[in-house]
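Engineer: Below is a structure I'd like to ask you about.
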Amino acid sequence: MAKAKYISDFERDVMRIGHAKGYKAPQIARFLRRGKMVVYNHIKAMDEAGTLEDLPLCFVVDEIAAAIGKANGQ
C-alpha cells in the first residue's frame, strides 16, 4: 500500500514530540509507518525553519511520547 504523498500536521507534531523526547528518526518513522529518510528530512527542514521546537499542549506531548515508546517496545 502506498503511503500518503504529503506529511500531515499531526505527523509533523509527532516528529517534533519524538525529537524533543529523545527518540531517533528510525523510532519515530516506525511509529508513523513512514520511511526513516522522510522523518530525517522533515526534522531537518523544521529545524532550519525554526519550527522544530513548536510543541503542542504538554498533555498531548506526554501521550504521544508514550505511544512512540510503546511502538518501539519500550
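By convention here, the chains of the C-alpha cells are called A, B, ... in the order presented, each chain's residues are numbered starting at 1, and ligands are numbered starting at 1 in the order presented.
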So which residues of chain A fall under helix (DSSP H, G or I) by DSSP, listed as an MDAnalysis selection string?

Structural biologist: chainID A and resid 9:20 25:32 36:49 58:71

Engineer: I'd like the neighbourhood of Lys24 in chain A as a list in words, where a residue qualifies if any of its atoms comes within 10 Å (using only C-alpha atoms), though same-chain residues fewer than 4 positions away should be ignored.

Structural biologist: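 My list of contacting residues is Met15, Gly18, His19, Ala20, Ile28, Ala29, Lys36, Val39 and Tyr40 of chain A.
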
Engineer: May I have the residues from that selection written out with C-alpha atoms, as a PDB file, in the first residue's frame?

Structural biologist:
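selection-v9.pdb, written as the output of this step:
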```pdb
ATOM      1  CA  MET A  15       8.139  14.241  14.755  1.00  0.00           C
ATOM      2  CA  GLY A  18       9.640  12.406  19.288  1.00  0.00           C
ATOM      3  CA  HIS A  19      12.666  14.615  18.683  1.00  0.00           C
ATOM      4  CA  ALA A  20      12.041  16.629  21.857  1.00  0.00           C
ATOM      5  CA  ILE A  28       9.642   7.925  15.010  1.00  0.00           C
ATOM      6  CA  ALA A  29       9.390   6.517  11.478  1.00  0.00           C
ATOM      7  CA  LYS A  36      13.271   6.975   8.157  1.00  0.00           C
ATOM      8  CA  VAL A  39      11.482  11.684   9.046  1.00  0.00           C
ATOM      9  CA  TYR A  40      15.152  12.756   8.902  1.00  0.00           C
TER      10      TYR A  40
END
```

Engineer: Can you pull out every residue within 9 Å of Ile17 in chain A, counting only C-alpha atoms, but drop anything in the same chain fewer than 2 positions away, and send it as a list in words?

Structural biologist: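 In the requested form, the answer reads Arg12, Asp13, Val14, Met15, His19, Ala20, Lys21, Gly22, Tyr23, Leu52, Glu53, Leu55, Pro56, Val61, Asp62, Ile64 and Ala65 of chain A.
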
Engineer: Store the residues picked out above in a file with N, CA and C atoms, as a short mmCIF file (atom, residue, chain, number, x, y, z; two decimals), in the first residue's frame.

Structural biologist:
```
data_model
loop_
_atom_site.label_atom_id
_atom_site.label_comp_id
_atom_site.auth_asym_id
_atom_site.auth_seq_id
_atom_site.Cartn_x
_atom_site.Cartn_y
_atom_site.Cartn_z
N ARG A 12 3.81 15.88 11.57
CA ARG A 12 4.86 16.85 11.93
C ARG A 12 4.94 17.04 13.45
N ASP A 13 3.77 17.11 14.10
CA ASP A 13 3.77 17.23 15.56
C ASP A 13 4.38 16.00 16.22
N VAL A 14 4.08 14.82 15.69
CA VAL A 14 4.68 13.59 16.23
C VAL A 14 6.20 13.64 16.08
N MET A 15 6.69 14.12 14.96
CA MET A 15 8.14 14.24 14.76
C MET A 15 8.74 15.22 15.75
N HIS A 19 11.35 13.98 18.63
CA HIS A 19 12.67 14.61 18.68
C HIS A 19 12.90 15.25 20.05
N ALA A 20 11.90 15.97 20.55
CA ALA A 20 12.04 16.63 21.86
C ALA A 20 12.22 15.64 23.00
N LYS A 21 11.62 14.46 22.87
CA LYS A 21 11.70 13.44 23.92
C LYS A 21 12.89 12.49 23.73
N GLY A 22 13.72 12.76 22.72
CA GLY A 22 14.96 12.00 22.55
C GLY A 22 14.86 10.76 21.67
N TYR A 23 13.76 10.58 20.98
CA TYR A 23 13.64 9.44 20.08
C TYR A 23 14.39 9.72 18.79
N LEU A 52 10.92 23.46 14.79
CA LEU A 52 11.08 22.15 15.41
C LEU A 52 10.67 22.16 16.88
N GLU A 53 10.82 23.28 17.54
CA GLU A 53 10.51 23.37 18.97
C GLU A 53 9.06 23.76 19.26
N LEU A 55 6.00 22.76 20.04
CA LEU A 55 5.28 21.58 20.52
C LEU A 55 3.83 21.90 20.84
N PRO A 56 2.93 20.91 20.67
CA PRO A 56 1.54 21.12 21.07
C PRO A 56 1.42 21.10 22.60
N VAL A 61 1.84 15.94 24.34
CA VAL A 61 3.24 15.55 24.18
C VAL A 61 3.51 14.26 24.95
N ASP A 62 3.09 14.20 26.20
CA ASP A 62 3.35 13.02 27.02
C ASP A 62 2.65 11.78 26.48
N ILE A 64 1.68 11.12 23.32
CA ILE A 64 2.28 10.68 22.05
C ILE A 64 3.66 10.10 22.28
N ALA A 65 4.44 10.69 23.18
CA ALA A 65 5.76 10.15 23.50
C ALA A 65 5.63 8.74 24.07
#
```

Engineer: Could you tell me how far CA of Gln74 in chain A sits from CA of Arg16 in chain A, in Å to one decimal place?

Structural biologist: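 Here the two named atoms are 18.9 Å from each other.
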
Engineer: Go through A:Lys5, A:Glu48, A:Leu32, A:Phe10 and flag the residue nearest Asn72 in chain A, using only C-alpha atoms for the distances.

Structural biologist: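 Checking each candidate against Asn72 in chain A, we get A:Leu32 as the closest.
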
Engineer: Could you check the closest approach to Arg30 in chain A for each of A:Ile7, A:Leu57, A:Ala49, A:Ala71 and tell me which residue wins, using only C-alpha atoms?

Structural biologist: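 Checking each candidate against Arg30 in chain A, we get A:Ala71 as the closest.
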